[in-house]
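Asks: Could you have a look at this structure, given as structure tokens, before my questions?
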Amino acid sequence: MGGALYASPTIKQYSTLEGAFQKVFPNTDFKKIDITLSKKEKNQIESALQMALPTQNVELYRFETMNKPVGFGMVTNHIGKHYPITFFVATNTNIEIKDVVVLIYREDYGSDVRKRRFLKQFKGKTIDDPIQVNYDITSISGATLSSYAIANGVREVLTIIEQKI
Amino acid sequence: MKFKTLLRKWHTFIGCLILVPTILLSLTGIYLIQNNQPKEALIAAAFCGDDQWIGVSSVGFIGNLINIKNPPFSLTNIAALSCTKDFIDIALDYGAIASTRRDKIRWTFIPRPFDNKIKTIQRDGMTLHVSTQNDLWTFKFDQWKRVQHYPPTLAQRIYEFHAGWHNGKSFEYIWGISSTLLIAVSLSGVWIFIRMIRR
């Protein structure tokens, strides 16, 4: 709305990465997996998403209890209005969304997308679901662009995990 | 202090507190009602230069170039669009610019360093030209450059203020609190009035 040039972002950290891990996968160990997507894989993922991936390098996390995998997760960044929203998307071993945790929100407005009432809509979603605002996801009033950003990120993470795990 | 006296004091205190924001909100609201413009059915459209065109209406994409499925942005939030033989660029209301090649739909979002609503967007090779109500901008090699600036009009300033914005910062919560208190003070006023006429 309105003003001319906007100022530097108001950075609000709602959770640390470790805090998000603990919240979604309590009492588990995790391993970071660095993956470099081949051009073909990147192209396949981009084609499925109809969105460009910023890089071929992705960092996945595998969560384990007594060496048995219990889920996967990835941190992603998607532009809300002007700045990227940083959030952690976690799946169970069936690649169904277990939870989404907003880590850093940088806009002045629309941070309600971090709240449970919005994020709980993603629980149980799989790659076969549309995960589209106005289809199976209801946006937050006054935070439409941020709602789309979260939905885009969840779809991206599901597609990457489905492809690489 | 008796409950009735306390209630009257509270009523007066809150009434005085919300008086100024309520008057401001009412005045700017009246101004906006008188200057309101209807939202058009065709939100944006562009010709691509190869006998193809693309548009966005209130129901979705239209035109003879509709290979876009499930775009990762809100169609109702589109402010302007541009189409060339190679690219489609879509400016979102107050948000980033979504850009893709035509032969391979891969949306990327270009953040912008200004907050005004985009009126027109035009691509010339790898350069984007963008106009807002107050500025002309170009985007080239990941850099935004303001070409021209026109100061906002009084109507623009009043509209922003009414919507709860000043210098790009939101103070909408003040309107929200004032509205809630206004409802509470109205209800307590009605209660006081009913008790008074019963006596």
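So you can find residues: chains in the structure tokens are A, B, ... in the order shown, residues in each start at 1, and ligands are numbered from 1 in order.
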Residues of chain A within 10 Å of chain B, using only C-alpha atoms, as a JSON list (two decimals) with C-alpha atoms, in the first residue's frame?

Replies:
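Written file, selection22.json:
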[["chain", "number", "residue", "atom", "x", "y", "z"],
["A", 1, "MET", "CA", 0.00, 0.00, 0.00],
["A", 2, "GLY", "CA", 0.85, 3.52, -0.65],
["A", 3, "GLY", "CA", 4.19, 4.87, 0.39],
["A", 4, "ALA", "CA", 7.09, 5.49, -1.89],
["A", 5, "LEU", "CA", 10.29, 3.62, -1.22],
["A", 6, "TYR", "CA", 10.05, 1.14, 1.57],
["A", 7, "ALA", "CA", 12.59, 0.93, 4.34],
["A", 8, "SER", "CA", 14.81, -1.98, 5.22],
["A", 43, "ASN", "CA", 14.27, -29.24, -14.91],
["A", 46, "GLU", "CA", 10.75, -26.90, -12.16],
["A", 47, "SER", "CA", 8.42, -28.35, -14.75],
["A", 48, "ALA", "CA", 6.26, -29.92, -12.07],
["A", 49, "LEU", "CA", 6.16, -26.71, -10.05],
["A", 50, "GLN", "CA", 6.09, -24.28, -12.99],
["A", 51, "MET", "CA", 8.54, -22.31, -10.87],
["A", 52, "ALA", "CA", 12.26, -21.74, -11.21],
["A", 53, "LEU", "CA", 14.50, -23.12, -8.46],
["A", 54, "PRO", "CA", 17.11, -20.58, -7.37],
["A", 78, "HIS", "CA", 9.84, -17.68, -0.84],
["A", 79, "ILE", "CA", 9.06, -14.04, -1.51],
["A", 80, "GLY", "CA", 5.93, -12.86, 0.25],
["A", 81, "LYS", "CA", 5.39, -9.25, -0.66],
["A", 82, "HIS", "CA", 8.87, -7.77, -0.94],
["A", 83, "TYR", "CA", 11.08, -10.06, 1.08],
["A", 84, "PRO", "CA", 11.57, -13.81, 1.41],
["A", 108, "ASP", "CA", 5.72, -5.37, 8.33],
["A", 109, "TYR", "CA", 2.41, -6.95, 7.54],
["A", 130, "PRO", "CA", -3.05, -29.29, -5.41],
["A", 132, "GLN", "CA", -3.10, -24.14, -4.09],
["A", 133, "VAL", "CA", -4.56, -21.12, -2.41],
["A", 134, "ASN", "CA", -8.29, -20.91, -3.17],
["A", 144, "THR", "CA", -2.64, -13.19, 0.41],
["A", 145, "LEU", "CA", 0.84, -12.92, -1.08],
["A", 146, "SER", "CA", 2.43, -14.53, 1.98],
["A", 147, "SER", "CA", -0.17, -17.32, 1.88],
["A", 148, "TYR", "CA", 0.81, -18.05, -1.71],
["A", 149, "ALA", "CA", 4.50, -17.98, -0.76],
["A", 151, "ALA", "CA", 1.89, -22.81, -0.37],
["A", 152, "ASN", "CA", 4.53, -22.52, -3.12],
["A", 153, "GLY", "CA", 7.27, -23.47, -0.67]]

Asks: Just list the residues in stretch 3-149 of chain B DSSP gives helix (DSSP H, G or I) on the backbone, as number ranges by chain.

Replies: B: 3-34, 75-77

Asks: Could you dump the residues just selected with C-alpha atoms as a PDB file, in the first residue's frame?

Replies:
ATOM      1  CA  PHE B   3     -20.444   1.163  39.636  1.00  0.00           C
ATOM      2  CA  LYS B   4     -22.721   3.572  37.743  1.00  0.00           C
ATOM      3  CA  THR B   5     -20.313   6.480  38.265  1.00  0.00           C
ATOM      4  CA  LEU B   6     -17.400   4.302  37.225  1.00  0.00           C
ATOM      5  CA  LEU B   7     -19.234   3.254  34.083  1.00  0.00           C
ATOM      6  CA  ARG B   8     -20.029   6.857  33.189  1.00  0.00           C
ATOM      7  CA  LYS B   9     -16.391   7.881  33.747  1.00  0.00           C
ATOM      8  CA  TRP B  10     -15.172   4.983  31.627  1.00  0.00           C
ATOM      9  CA  HIS B  11     -17.676   5.874  28.950  1.00  0.00           C
ATOM     10  CA  THR B  12     -16.494   9.506  28.840  1.00  0.00           C
ATOM     11  CA  PHE B  13     -12.811   8.558  28.968  1.00  0.00           C
ATOM     12  CA  ILE B  14     -12.988   6.032  26.128  1.00  0.00           C
ATOM     13  CA  GLY B  15     -15.248   8.374  24.159  1.00  0.00           C
ATOM     14  CA  CYS B  16     -12.631  11.137  24.327  1.00  0.00           C
ATOM     15  CA  LEU B  17      -9.825   8.695  23.529  1.00  0.00           C
ATOM     16  CA  ILE B  18     -11.387   7.445  20.313  1.00  0.00           C
ATOM     17  CA  LEU B  19     -12.883  10.746  19.236  1.00  0.00           C
ATOM     18  CA  VAL B  20      -9.990  11.916  17.049  1.00  0.00           C
ATOM     19  CA  PRO B  21      -9.306   8.596  15.227  1.00  0.00           C
ATOM     20  CA  THR B  22     -13.040   8.074  14.686  1.00  0.00           C
ATOM     21  CA  ILE B  23     -13.505  11.508  13.165  1.00  0.00           C
ATOM     22  CA  LEU B  24     -10.440  11.067  10.936  1.00  0.00           C
ATOM     23  CA  LEU B  25     -11.612   7.655   9.794  1.00  0.00           C
ATOM     24  CA  SER B  26     -15.120   8.910   9.083  1.00  0.00           C
ATOM     25  CA  LEU B  27     -13.913  11.915   7.102  1.00  0.00           C
ATOM     26  CA  THR B  28     -11.468   9.912   4.995  1.00  0.00           C
ATOM     27  CA  GLY B  29     -14.157   7.247   4.474  1.00  0.00           C
ATOM     28  CA  ILE B  30     -16.639   9.831   3.199  1.00  0.00           C
ATOM     29  CA  TYR B  31     -13.956  11.176   0.884  1.00  0.00           C
ATOM     30  CA  LEU B  32     -13.254   7.708  -0.487  1.00  0.00           C
ATOM     31  CA  ILE B  33     -16.916   6.883  -1.035  1.00  0.00           C
ATOM     32  CA  GLN B  34     -17.272  10.000  -3.156  1.00  0.00           C
ATOM     33  CA  LEU B  75      -4.935 -13.866 -10.151  1.00  0.00           C
ATOM     34  CA  THR B  76      -7.033 -11.296  -8.350  1.00  0.00           C
ATOM     35  CA  ASN B  77      -3.840  -9.586  -7.186  1.00  0.00           C
TER      36      ASN B  77
END

Asks: How would you write, as a list in words, the set of residues in stretch 50-93 of chain B that DSSP gives as strand (DSSP E)?

Replies: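 Matching residues, listed in order: Trp53, Ile54, Gly55, Val56, Ser57, Gly60, Phe61, Ile62, Gly63, Ile78, Ala79, Ala80, Leu81, Ser82, Cys83, Phe87, Ile88, Asp89, Ile90, Ala91 and Leu92 of chain B.
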
Asks: Next, the residues of the selection above should be written as a PDB file, in the first residue's frame with N, CA and C atoms.

Replies:
ATOM      1  N   TRP B  53      -2.343 -12.941 -27.619  1.00  0.00           N
ATOM      2  CA  TRP B  53      -2.559 -11.988 -26.533  1.00  0.00           C
ATOM      3  C   TRP B  53      -2.953 -12.732 -25.276  1.00  0.00           C
ATOM      4  N   ILE B  54      -2.742 -12.083 -24.194  1.00  0.00           N
ATOM      5  CA  ILE B  54      -3.045 -12.690 -22.902  1.00  0.00           C
ATOM      6  C   ILE B  54      -3.716 -11.627 -22.028  1.00  0.00           C
ATOM      7  N   GLY B  55      -4.671 -12.069 -21.277  1.00  0.00           N
ATOM      8  CA  GLY B  55      -5.352 -11.140 -20.375  1.00  0.00           C
ATOM      9  C   GLY B  55      -5.725 -11.822 -19.078  1.00  0.00           C
ATOM     10  N   VAL B  56      -6.039 -11.029 -18.116  1.00  0.00           N
ATOM     11  CA  VAL B  56      -6.532 -11.554 -16.840  1.00  0.00           C
ATOM     12  C   VAL B  56      -7.843 -10.845 -16.537  1.00  0.00           C
ATOM     13  N   SER B  57      -8.880 -11.632 -16.389  1.00  0.00           N
ATOM     14  CA  SER B  57     -10.158 -11.052 -15.999  1.00  0.00           C
ATOM     15  C   SER B  57     -10.441 -11.473 -14.564  1.00  0.00           C
ATOM     16  N   GLY B  60     -10.127 -15.293 -14.407  1.00  0.00           N
ATOM     17  CA  GLY B  60      -8.880 -16.020 -14.675  1.00  0.00           C
ATOM     18  C   GLY B  60      -8.201 -15.527 -15.940  1.00  0.00           C
ATOM     19  N   PHE B  61      -7.276 -16.352 -16.467  1.00  0.00           N
ATOM     20  CA  PHE B  61      -6.556 -15.966 -17.685  1.00  0.00           C
ATOM     21  C   PHE B  61      -7.480 -16.081 -18.893  1.00  0.00           C
ATOM     22  N   ILE B  62      -7.363 -15.140 -19.787  1.00  0.00           N
ATOM     23  CA  ILE B  62      -8.112 -15.190 -21.037  1.00  0.00           C
ATOM     24  C   ILE B  62      -7.154 -14.877 -22.178  1.00  0.00           C
ATOM     25  N   GLY B  63      -7.647 -15.013 -23.439  1.00  0.00           N
ATOM     26  CA  GLY B  63      -6.801 -14.744 -24.595  1.00  0.00           C
ATOM     27  C   GLY B  63      -6.463 -16.044 -25.301  1.00  0.00           C
ATOM     28  N   ILE B  78      -3.412  -9.254  -9.556  1.00  0.00           N
ATOM     29  CA  ILE B  78      -2.600  -8.784 -10.679  1.00  0.00           C
ATOM     30  C   ILE B  78      -2.909  -7.319 -10.971  1.00  0.00           C
ATOM     31  N   ALA B  79      -1.844  -6.538 -11.091  1.00  0.00           N
ATOM     32  CA  ALA B  79      -2.014  -5.106 -11.352  1.00  0.00           C
ATOM     33  C   ALA B  79      -1.811  -4.789 -12.831  1.00  0.00           C
ATOM     34  N   ALA B  80      -0.815  -5.426 -13.447  1.00  0.00           N
ATOM     35  CA  ALA B  80      -0.505  -5.149 -14.853  1.00  0.00           C
ATOM     36  C   ALA B  80       0.275  -6.323 -15.416  1.00  0.00           C
ATOM     37  N   LEU B  81       0.249  -6.468 -16.738  1.00  0.00           N
ATOM     38  CA  LEU B  81       1.062  -7.541 -17.319  1.00  0.00           C
ATOM     39  C   LEU B  81       1.656  -7.112 -18.643  1.00  0.00           C
ATOM     40  N   SER B  82       2.717  -7.811 -19.005  1.00  0.00           N
ATOM     41  CA  SER B  82       3.409  -7.548 -20.260  1.00  0.00           C
ATOM     42  C   SER B  82       3.660  -8.870 -20.950  1.00  0.00           C
ATOM     43  N   CYS B  83       3.557  -8.863 -22.259  1.00  0.00           N
ATOM     44  CA  CYS B  83       3.826 -10.090 -23.014  1.00  0.00           C
ATOM     45  C   CYS B  83       4.659  -9.739 -24.238  1.00  0.00           C
ATOM     46  N   PHE B  87       8.808 -13.497 -23.354  1.00  0.00           N
ATOM     47  CA  PHE B  87       8.558 -13.412 -21.910  1.00  0.00           C
ATOM     48  C   PHE B  87       7.126 -12.999 -21.572  1.00  0.00           C
ATOM     49  N   ILE B  88       6.686 -13.443 -20.417  1.00  0.00           N
ATOM     50  CA  ILE B  88       5.473 -12.898 -19.796  1.00  0.00           C
ATOM     51  C   ILE B  88       5.905 -12.336 -18.437  1.00  0.00           C
ATOM     52  N   ASP B  89       5.531 -11.114 -18.162  1.00  0.00           N
ATOM     53  CA  ASP B  89       5.843 -10.485 -16.870  1.00  0.00           C
ATOM     54  C   ASP B  89       4.548  -9.997 -16.247  1.00  0.00           C
ATOM     55  N   ILE B  90       4.345 -10.371 -15.018  1.00  0.00           N
ATOM     56  CA  ILE B  90       3.101 -10.013 -14.341  1.00  0.00           C
ATOM     57  C   ILE B  90       3.424  -9.277 -13.047  1.00  0.00           C
ATOM     58  N   ALA B  91       2.885  -8.074 -12.956  1.00  0.00           N
ATOM     59  CA  ALA B  91       3.097  -7.275 -11.735  1.00  0.00           C
ATOM     60  C   ALA B  91       1.947  -7.532 -10.781  1.00  0.00           C
ATOM     61  N   LEU B  92       2.303  -7.897  -9.568  1.00  0.00           N
ATOM     62  CA  LEU B  92       1.283  -8.154  -8.552  1.00  0.00           C
ATOM     63  C   LEU B  92       1.039  -6.895  -7.735  1.00  0.00           C
TER      64      LEU B  92
END

Asks: With only C-alpha atoms as the counted atoms, please give the residues lying no more than 12 Å from A:Ile45, apart from itself and same-chain residues fewer than 3 positions off, as a count of residues only.

Replies: 27

Asks: Write out as a list in words each polymer residue whose atoms come within 8 Å of A:Val24, counting only C-alpha atoms; drop sequence neighbours fewer than 4 positions from it.

Replies: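 With the cut-off at 8 Å, the set is Ala20, Ala90, Lys98 and Asp99 of chain A.
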
Asks: One number please: atom CA of A:Gly110 to atom CA of A:Ile97, in Å, one decimal.

Replies: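 Atom-to-atom, atom CA of A:Gly110 and atom CA of A:Ile97 are spaced 22.7 Å apart.
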
Asks: So how far away is atom CA of A:Phe72 from atom CA of A:Asn27, in Å?

Replies: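 It comes out at 14.5 Å.
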
Asks: When you look at A:Glu64 with a cut-off of 9 Å (counting only C-alpha atoms), what residues show up, excluding the ones that are within fewer than 5 positions of it in the same chain? I need them as a ChimeraX atom specification.

Replies: /A:25,28-31,69-71

Asks: Excluding A:Tyr14 and residues on its chain fewer than 5 positions from it, collect all residues at most 12 Å away from it, counting only C-alpha atoms, and give them as a PDB file with C-alpha atoms, in the first residue's frame.

Replies:
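That gives us result-v4.pdb:
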ATOM      1  CA  GLY A  19      13.641 -24.998  17.795  1.00  0.00           C
ATOM      2  CA  ALA A  20      11.657 -26.031  14.724  1.00  0.00           C
ATOM      3  CA  ILE A  85       9.824 -15.724   4.157  1.00  0.00           C
ATOM      4  CA  THR A  86      12.091 -18.406   5.622  1.00  0.00           C
ATOM      5  CA  PHE A  87      10.270 -21.521   6.757  1.00  0.00           C
ATOM      6  CA  PHE A  88      10.853 -25.152   7.609  1.00  0.00           C
ATOM      7  CA  VAL A 101       7.187 -23.704  10.912  1.00  0.00           C
ATOM      8  CA  VAL A 102       7.871 -20.085   9.945  1.00  0.00           C
ATOM      9  CA  LEU A 103      11.396 -19.242  11.044  1.00  0.00           C
ATOM     10  CA  ILE A 104      11.914 -15.677   9.815  1.00  0.00           C
ATOM     11  CA  TYR A 105       9.337 -13.181   8.570  1.00  0.00           C
ATOM     12  CA  ARG A 106      10.620  -9.939   7.103  1.00  0.00           C
ATOM     13  CA  SER A 111       2.838 -12.372   9.620  1.00  0.00           C
ATOM     14  CA  ASP A 112      -0.384 -14.190  10.542  1.00  0.00           C
ATOM     15  CA  VAL A 113       0.720 -16.892   8.096  1.00  0.00           C
ATOM     16  CA  ARG A 114       2.952 -18.165  10.888  1.00  0.00           C
ATOM     17  CA  LYS A 115      -0.064 -19.063  12.996  1.00  0.00           C
TER      18      LYS A 115
END
